[in-house]
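A.B. asks: One file is attached below, query-v2.txt, containing compact mmCIF, C-alpha atoms.
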# COMPACT_ATOMS: atom_id res chain seq x y z
CA ASN E 11 7.77 -14.31 -2.08
CA ALA E 12 5.10 -13.31 0.47
CA GLY E 13 6.90 -10.53 2.41
CA VAL E 14 4.51 -8.96 4.94
CA THR E 15 1.00 -10.42 5.06
CA GLN E 16 -1.93 -8.76 6.83
CA THR E 17 -5.34 -10.22 7.57
CA PRO E 18 -8.16 -9.37 7.26
CA LYS E 19 -8.18 -6.88 4.37
CA PHE E 20 -11.47 -5.31 5.47
CA ARG E 21 -13.47 -5.33 8.67
CA ILE E 22 -16.50 -3.52 10.08
CA LEU E 23 -16.80 -3.39 13.86
CA LYS E 24 -19.47 -2.10 16.16
CA ILE E 25 -18.52 0.33 18.90
CA GLY E 26 -17.17 -1.57 21.90
CA GLN E 27 -16.27 -4.74 20.02
CA SER E 28 -12.75 -6.08 20.01
CA MET E 29 -10.60 -7.61 17.31
CA THR E 30 -7.06 -8.60 16.43
CA LEU E 31 -5.35 -7.51 13.25
CA GLN E 32 -2.88 -10.15 12.15
CA CYS E 33 0.55 -9.50 10.65
CA THR E 34 3.19 -12.01 9.67
CA GLN E 35 6.47 -11.66 7.78
CA ASP E 36 8.68 -14.30 6.22
CA MET E 37 11.85 -12.24 5.77
CA ASN E 38 13.30 -13.02 9.20
CA HIS E 39 13.23 -9.31 10.05
CA ASN E 40 13.91 -8.28 13.61
CA TYR E 41 11.90 -5.07 13.60
CA MET E 42 8.15 -4.85 13.09
CA TYR E 43 5.78 -1.88 13.15
CA TRP E 44 2.12 -0.98 13.17
CA TYR E 45 0.93 2.25 11.55
CA ARG E 46 -2.43 3.83 10.95
CA GLN E 47 -3.25 6.13 8.08
CA ASP E 48 -6.18 8.51 8.27
CA PRO E 49 -7.50 10.29 5.15
CA GLY E 50 -5.16 13.04 3.97
CA MET E 51 -2.63 12.20 6.63
CA GLY E 52 0.67 10.41 6.73
CA LEU E 53 1.31 7.15 8.49
CA LYS E 54 1.44 7.40 12.26
CA LEU E 55 3.30 4.81 14.31
CA ILE E 56 1.16 2.93 16.83
CA TYR E 57 3.57 0.34 18.25
CA TYR E 58 6.80 -1.26 17.22
CA SER E 59 8.96 -4.21 18.19
CA VAL E 60 12.72 -4.70 17.95
CA GLY E 61 12.52 -8.46 18.47
CA ALA E 62 10.48 -11.26 19.98
CA GLY E 63 9.28 -10.33 23.45
CA ILE E 64 10.13 -6.64 23.09
CA THR E 65 7.57 -3.98 22.18
CA ASP E 66 7.34 -0.23 22.63
CA LYS E 67 4.85 2.55 22.09
CA GLY E 68 4.87 4.78 19.06
CA GLU E 69 3.16 8.10 18.49
CA VAL E 70 -0.51 6.99 18.87
CA PRO E 71 -0.70 3.87 21.10
CA ASN E 72 -3.88 4.62 23.05
CA GLY E 73 -6.63 2.05 22.52
CA TYR E 74 -4.27 -0.60 21.14
CA ASN E 75 -2.17 -3.46 22.45
CA VAL E 76 0.50 -5.62 20.85
CA SER E 77 2.51 -8.73 21.56
CA ARG E 78 5.48 -10.33 19.84
CA SER E 79 5.94 -13.96 20.80
CA THR E 80 7.73 -14.97 17.59
CA THR E 81 9.96 -13.24 15.05
CA GLU E 82 7.35 -13.74 12.34
CA ASP E 83 4.14 -12.48 13.97
CA PHE E 84 3.12 -9.11 15.38
CA PRO E 85 -0.65 -8.93 16.06
CA LEU E 86 -2.40 -5.65 16.94
CA ARG E 87 -5.31 -5.81 19.39
CA LEU E 88 -8.20 -3.35 19.64
CA GLU E 89 -10.01 -3.95 22.91
CA LEU E 90 -12.95 -1.51 22.85
CA ALA E 91 -13.39 -0.25 19.32
CA ALA E 92 -14.26 3.44 18.93
CA PRO E 93 -15.21 5.45 15.80
CA SER E 94 -11.87 7.29 16.11
CA GLN E 95 -10.15 4.00 15.28
CA THR E 96 -11.69 3.94 11.81
CA SER E 97 -8.59 3.95 9.65
CA VAL E 98 -6.34 1.92 7.38
CA TYR E 99 -3.77 -0.08 9.33
CA PHE E 100 -0.40 -1.05 7.91
CA CYS E 101 2.08 -3.50 9.31
CA ALA E 102 5.74 -3.22 8.30
CA SER E 103 9.02 -4.92 8.99
CA SER E 104 12.71 -4.12 8.63
CA LEU E 105 15.88 -6.08 9.07
CA ARG E 106 17.19 -3.63 11.64
CA GLY E 107 16.54 -0.18 13.00
CA GLY E 108 18.75 2.86 12.97
CA THR E 109 19.84 4.62 9.83
CA LYS E 110 19.25 3.07 6.43
CA ASN E 111 16.09 1.58 7.90
CA ILE E 112 14.06 0.43 4.90
CA GLN E 113 10.68 -0.82 5.96
CA TYR E 114 8.57 -3.25 3.94
CA PHE E 115 4.82 -2.90 4.22
CA GLY E 116 1.82 -5.17 4.02
CA ALA E 117 -1.20 -4.31 1.89
CA GLY E 118 -3.16 -2.94 4.83
CA THR E 119 -6.37 -3.60 6.76
CA ARG E 120 -9.24 -1.19 6.23
CA LEU E 121 -11.24 -0.93 9.46
CA SER E 122 -14.54 0.84 10.00
CA VAL E 123 -16.03 1.26 13.48
CA LEU E 124 -19.73 2.11 13.41
CA ASP Y 11 3.75 18.86 15.74
CA GLN Y 12 4.33 17.79 12.14
CA GLN Y 13 8.07 17.14 11.85
CA VAL Y 14 7.86 16.11 8.20
CA LYS Y 15 5.63 18.12 5.89
CA GLN Y 16 4.54 17.72 2.32
CA ASN Y 17 2.66 20.90 1.61
CA SER Y 18 1.27 19.92 -1.77
CA PRO Y 19 -1.55 17.37 -1.45
CA SER Y 20 -1.62 16.82 -5.19
CA LEU Y 21 0.38 17.38 -8.36
CA SER Y 22 -0.60 16.91 -12.00
CA VAL Y 23 2.05 16.51 -14.70
CA GLN Y 24 2.03 15.71 -18.40
CA GLU Y 25 3.60 12.46 -19.51
CA GLY Y 26 7.27 12.92 -20.45
CA ARG Y 27 7.69 16.03 -18.30
CA ILE Y 28 9.47 16.32 -14.97
CA SER Y 29 7.63 15.73 -11.71
CA ILE Y 30 9.02 17.47 -8.63
CA LEU Y 31 7.69 16.47 -5.22
CA ASN Y 32 8.77 18.47 -2.20
CA CYS Y 33 9.23 17.71 1.47
CA ASP Y 34 10.27 19.89 4.43
CA TYR Y 35 11.39 18.77 7.86
CA THR Y 36 12.01 20.50 11.15
CA ASN Y 37 14.15 18.09 13.17
CA SER Y 38 17.89 18.49 12.59
CA MET Y 39 18.44 15.04 14.17
CA PHE Y 40 17.05 13.33 11.08
CA ASP Y 41 19.93 11.74 9.21
CA TYR Y 42 18.29 9.45 6.68
CA PHE Y 43 15.44 10.24 4.32
CA LEU Y 44 13.28 7.96 2.22
CA TRP Y 45 10.58 8.21 -0.40
CA TYR Y 46 7.80 5.66 -0.56
CA LYS Y 47 5.27 5.17 -3.33
CA LYS Y 48 1.74 3.95 -2.69
CA TYR Y 49 -0.86 2.68 -5.13
CA PRO Y 50 -4.53 2.39 -4.06
CA ALA Y 51 -5.34 -0.71 -1.98
CA GLU Y 52 -1.64 -1.52 -1.58
CA GLY Y 53 0.95 -0.84 1.07
CA PRO Y 54 3.71 1.74 0.57
CA THR Y 55 6.76 0.49 -1.29
CA PHE Y 56 10.28 1.84 -0.91
CA LEU Y 57 11.43 3.99 -3.82
CA ILE Y 58 14.69 5.79 -3.05
CA SER Y 59 16.63 7.11 -0.07
CA ILE Y 60 19.39 9.53 0.82
CA SER Y 61 21.76 9.87 3.72
CA SER Y 62 22.29 13.26 5.32
CA ILE Y 63 25.95 13.19 4.30
CA LYS Y 64 24.94 13.39 0.64
CA ASP Y 65 23.05 16.01 -1.32
CA LYS Y 66 21.92 13.87 -4.24
CA ASN Y 67 21.06 10.27 -4.96
CA GLU Y 68 19.99 8.97 -8.34
CA ASP Y 69 18.31 5.73 -9.37
CA GLY Y 70 17.19 5.56 -12.97
CA ARG Y 71 14.42 8.10 -13.55
CA PHE Y 72 14.30 9.02 -9.86
CA THR Y 73 16.60 11.52 -8.16
CA VAL Y 74 16.37 12.78 -4.60
CA PHE Y 75 17.99 16.07 -3.61
CA LEU Y 76 18.70 17.08 -0.03
CA ASN Y 77 19.31 20.65 1.15
CA LYS Y 78 20.24 20.36 4.81
CA SER Y 79 20.56 24.06 5.46
CA ALA Y 80 17.00 24.59 4.25
CA LYS Y 81 15.77 21.29 5.78
CA HIS Y 82 14.25 20.45 2.44
CA LEU Y 83 14.31 17.47 0.12
CA SER Y 84 12.76 16.87 -3.24
CA LEU Y 85 12.08 13.92 -5.51
CA HIS Y 86 12.50 14.41 -9.26
CA ILE Y 87 10.99 11.97 -11.73
CA VAL Y 88 12.21 12.35 -15.30
CA PRO Y 89 10.54 11.54 -17.61
CA SER Y 90 7.21 11.05 -15.85
CA GLN Y 91 5.08 8.10 -16.95
CA PRO Y 92 1.39 7.32 -16.36
CA GLY Y 93 2.46 4.35 -14.21
CA ASP Y 94 4.07 6.82 -11.81
CA SER Y 95 0.61 8.02 -10.79
CA ALA Y 96 0.44 7.23 -7.07
CA VAL Y 97 0.74 8.82 -3.64
CA TYR Y 98 4.32 9.62 -2.66
CA PHE Y 99 5.34 9.78 0.99
CA CYS Y 100 8.47 11.39 2.30
CA ALA Y 101 9.87 9.83 5.49
CA ALA Y 102 12.72 10.67 7.84
CA SER Y 103 14.69 8.59 10.31
CA PRO Y 104 16.23 10.04 13.47
CA ASN Y 105 19.69 8.76 14.22
CA GLN Y 106 18.70 7.39 17.59
CA GLY Y 107 16.42 4.66 16.39
CA GLY Y 108 14.56 2.79 13.70
CA LYS Y 109 11.36 4.78 13.65
CA LEU Y 110 10.27 6.59 10.53
CA ILE Y 111 8.36 9.86 10.58
CA PHE Y 112 6.13 10.24 7.53
CA GLY Y 113 4.81 13.28 5.73
CA GLN Y 114 1.16 13.55 4.68
CA GLY Y 115 1.79 12.42 1.13
CA THR Y 116 1.45 14.00 -2.33
CA GLU Y 117 -0.81 12.44 -4.92
CA LEU Y 118 0.88 12.54 -8.31
CA SER Y 119 -1.19 12.24 -11.46
CA VAL Y 120 0.67 11.80 -14.74
CA LYS Y 121 -1.60 12.45 -17.71
CA PRO Y 122 -0.98 10.83 -21.11
Show how you would write the structure in this file as structure tokens.
C.D. replies:
Amino acid sequence: NAGVTQTPKFRILKIGQSMTLQCTQDMNHNYMYWYRQDPGMGLKLIYYSVGAGITDKGEVPNGYNVSRSTTEDFPLRLELAAPSQTSVYFCASSLRGGTKNIQYFGAGTRLSVL
Amino acid sequence: DQQVKQNSPSLSVQEGRISILNCDYTNSMFDYFLWYKKYPAEGPTFLISISSIKDKNEDGRFTVFLNKSAKHLSLHIVPSQPGDSAVYFCAASPNQGGKLIFGQGTELSVKP
């Protein structure tokens, strides 16, 4: 029972490089989310999607892009990596939004930008 | 503007005793509250939730209390076990959508 799978688990980038963080879920969930967690802070929403082809900005979208071409996949793109993007990134999914929204998380991607 | 706050970064409790983790919120539009538990190198996992129409929800050793007038919720763990040692996040959901707003987390350490 895979749930939400994120790759890679760790990555070191140089300033200005780009990369894509992969996220896939096998629960047939409509909603998917990307969060970042900085030390001593809670999770902050970067982008979310309510279904294939539909995405919207969260609280901290600057410097990131997303796409949702299938129900299963929700990749996060960093175009020009900056040290401020050093963080742990979590992908999550839920069956629906609204109240009683229980989100299921992947194990995270730890990213360092040097 | 931190809408969900967990003012205690850490909490240490003896095994068998009660652990009480607190969470305050500012937005009266929140109508569903959740607690997540996170072990190192893992993603958060759902623990327990409560709707704003209730003031208590219990699941085994875990009970969540909601005080709407004070905009405060708490998670009680009784009895605490060493395996409960983790970071606990409080989260709130506004009734207009599926987004969750997370607190900063409280690291619980249960000592044998």
A.B. asks: Which residue, E:Arg21, E:Lys54, E:Arg78, E:Arg46, has the smallest gap to chain Y when you use all atoms listed in the file?
C.D. replies: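 Nearest candidate to chain Y out of E:Arg21, E:Lys54, E:Arg78, E:Arg46: E:Lys54.
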A.B. asks: Compute the chain E side of the contact with chain Y at 7 Å, counting only C-alpha atoms, and hand it back as a PyMOL selection string.
C.D. replies: chain E and resi 50-53+100+107-111+114-118
A.B. asks: Write a file of the just-selected residues containing C-alpha atoms, as a PDB file, in the frame of the given file.
C.D. replies:
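Saved file result.pdb follows:
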ATOM      1  CA  GLY E  50      -5.160  13.040   3.970  1.00  0.00           C
ATOM      2  CA  MET E  51      -2.630  12.200   6.630  1.00  0.00           C
ATOM      3  CA  GLY E  52       0.670  10.410   6.730  1.00  0.00           C
ATOM      4  CA  LEU E  53       1.310   7.150   8.490  1.00  0.00           C
ATOM      5  CA  PHE E 100      -0.400  -1.050   7.910  1.00  0.00           C
ATOM      6  CA  GLY E 107      16.540  -0.180  13.000  1.00  0.00           C
ATOM      7  CA  GLY E 108      18.750   2.860  12.970  1.00  0.00           C
ATOM      8  CA  THR E 109      19.840   4.620   9.830  1.00  0.00           C
ATOM      9  CA  LYS E 110      19.250   3.070   6.430  1.00  0.00           C
ATOM     10  CA  ASN E 111      16.090   1.580   7.900  1.00  0.00           C
ATOM     11  CA  TYR E 114       8.570  -3.250   3.940  1.00  0.00           C
ATOM     12  CA  PHE E 115       4.820  -2.900   4.220  1.00  0.00           C
ATOM     13  CA  GLY E 116       1.820  -5.170   4.020  1.00  0.00           C
ATOM     14  CA  ALA E 117      -1.200  -4.310   1.890  1.00  0.00           C
ATOM     15  CA  GLY E 118      -3.160  -2.940   4.830  1.00  0.00           C
TER      16      GLY E 118
END
A.B. asks: Between CA of Ala62 (chain E) and CA of Ile112 (chain E), what is the distance in Å, rounded to a tenth?
C.D. replies: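 CA of Ile112 (chain E) lies at a distance of 19.4 Å from CA of Ala62 (chain E).
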A.B. asks: Need the neighbours of (11.1, 12.7, -13.9): which residues are at most 6 Å away, counting all atoms listed in the file, as number ranges by chain?
C.D. replies: Y: 28-29, 71, 86-90
A.B. asks: For CA of Gly73 (chain E) and CA of Leu105 (chain E), determine how far apart the two atoms are, in Å to one decimal place.
C.D. replies: 27.5 Å
A.B. asks: Please give the centre and size of the box around region 64-72 of chain E (axis-aligned, containing every atom listed in the file, 4 Å added per side), with values in Å to one decimal and written as lines of an AutoDock Vina configuration file.
C.D. replies:
center_x = 3.1
center_y = 0.7
center_z = 20.8
size_x = 22.0
size_y = 22.7
size_z = 12.6
A.B. asks: Counting all atoms listed in the file, which residue out of E:Gly61, E:Asp48, E:Arg106, E:Leu31 sits closest to Pro18 (chain E)?
C.D. replies: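 Under the stated criterion, the closest residue is E:Leu31.
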A.B. asks: I'd like the neighbourhood of Val60 (chain E) as number ranges by chain, where a residue qualifies if any of its atoms comes within 7 Å (using only C-alpha atoms), though same-chain residues fewer than 5 positions away should be ignored.
C.D. replies: E: 40-42, 65
A.B. asks: Using C-alpha atoms, can you export the residues from the last selection as a PDB file, in the frame of the given file?
C.D. replies:
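Wrote it out as part.pdb, contents follow:
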ATOM      1  CA  ASN E  40      13.910  -8.280  13.610  1.00  0.00           C
ATOM      2  CA  TYR E  41      11.900  -5.070  13.600  1.00  0.00           C
ATOM      3  CA  MET E  42       8.150  -4.850  13.090  1.00  0.00           C
ATOM      4  CA  THR E  65       7.570  -3.980  22.180  1.00  0.00           C
TER       5      THR E  65
END
A.B. asks: Counting only C-alpha atoms, what is within 8 Å of Glu69 (chain E), bar same-chain residues fewer than 5 positions away, as JSON, numbers by chain?
C.D. replies: {"E": [54, 55, 56, 57]}
A.B. asks: Given the choices E:Ser59, E:Gln95, E:Ser104, E:Ser77, which gets closest to Gln32 (chain E) if the distance is worked out from all atoms listed in the file?
C.D. replies: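 Residue with the minimum atom-to-atom distance to Gln32 (chain E): E:Ser77.
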A.B. asks: So, counting all atoms listed in the file, which residue among Y:Ser38, Y:Gln24, Y:Gln13, Y:Asn67 is closest to Ser84 (chain Y)?
C.D. replies: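 Ranking Y:Ser38, Y:Gln24, Y:Gln13, Y:Asn67 by distance to Ser84 (chain Y), first place goes to Y:Asn67.
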A.B. asks: What separation in Å, quoted to one decimal, exists between CA of Phe20 (chain E) and CA of Ser97 (chain E)?
C.D. replies: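 Between CA of Phe20 (chain E) and CA of Ser97 (chain E) the gap is 10.6 Å.
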A.B. asks: What lies within 8 Å of Asp94 (chain Y) using all atoms listed in the file, ignoring chain neighbours under 6 positions off, as a VMD selection string?
C.D. replies: chain Y and resid 118 to 120
A.B. asks: Taking (5.6, -3.4, 13.9) in the coordinates of the supplied file, I want to know which residues reach to within 6 Å of it, counting all atoms listed in the file; could you give the answer as a VMD selection string?
C.D. replies: chain E and resid 42 to 44 58 to 59 101 to 102
A.B. asks: Could you list, as a list in words, every residue within 8 Å of region 75-78 of chain Y, counting all atoms listed in the file and ignoring same-chain residues fewer than 2 positions away?
C.D. replies: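 Residues meeting the cut-off are Ile60, Ser62, Lys64, Asp65, Lys66, Asn67, Thr73, Ala80, Lys81, His82, Leu83, Ser84 and Leu85 of chain Y.
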A.B. asks: For Ile25 (chain E), list every protein, DNA or RNA residue within 7 Å, evaluated using only C-alpha atoms, and leave out those in the same chain fewer than 5 positions away; present the list as a list in words.
C.D. replies: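 Listed by chain and then number, they are Ala91, Ala92, Pro93, Val123 and Leu124 of chain E.
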A.B. asks: Rank E:Gln47, E:Ser122, E:Ser103, E:Ser79 by their smallest atom-to-atom distance to Lys24 (chain E), using only C-alpha atoms, and report the top residue only.
C.D. replies: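 Ranking E:Gln47, E:Ser122, E:Ser103, E:Ser79 by distance to Lys24 (chain E), first place goes to E:Ser122.
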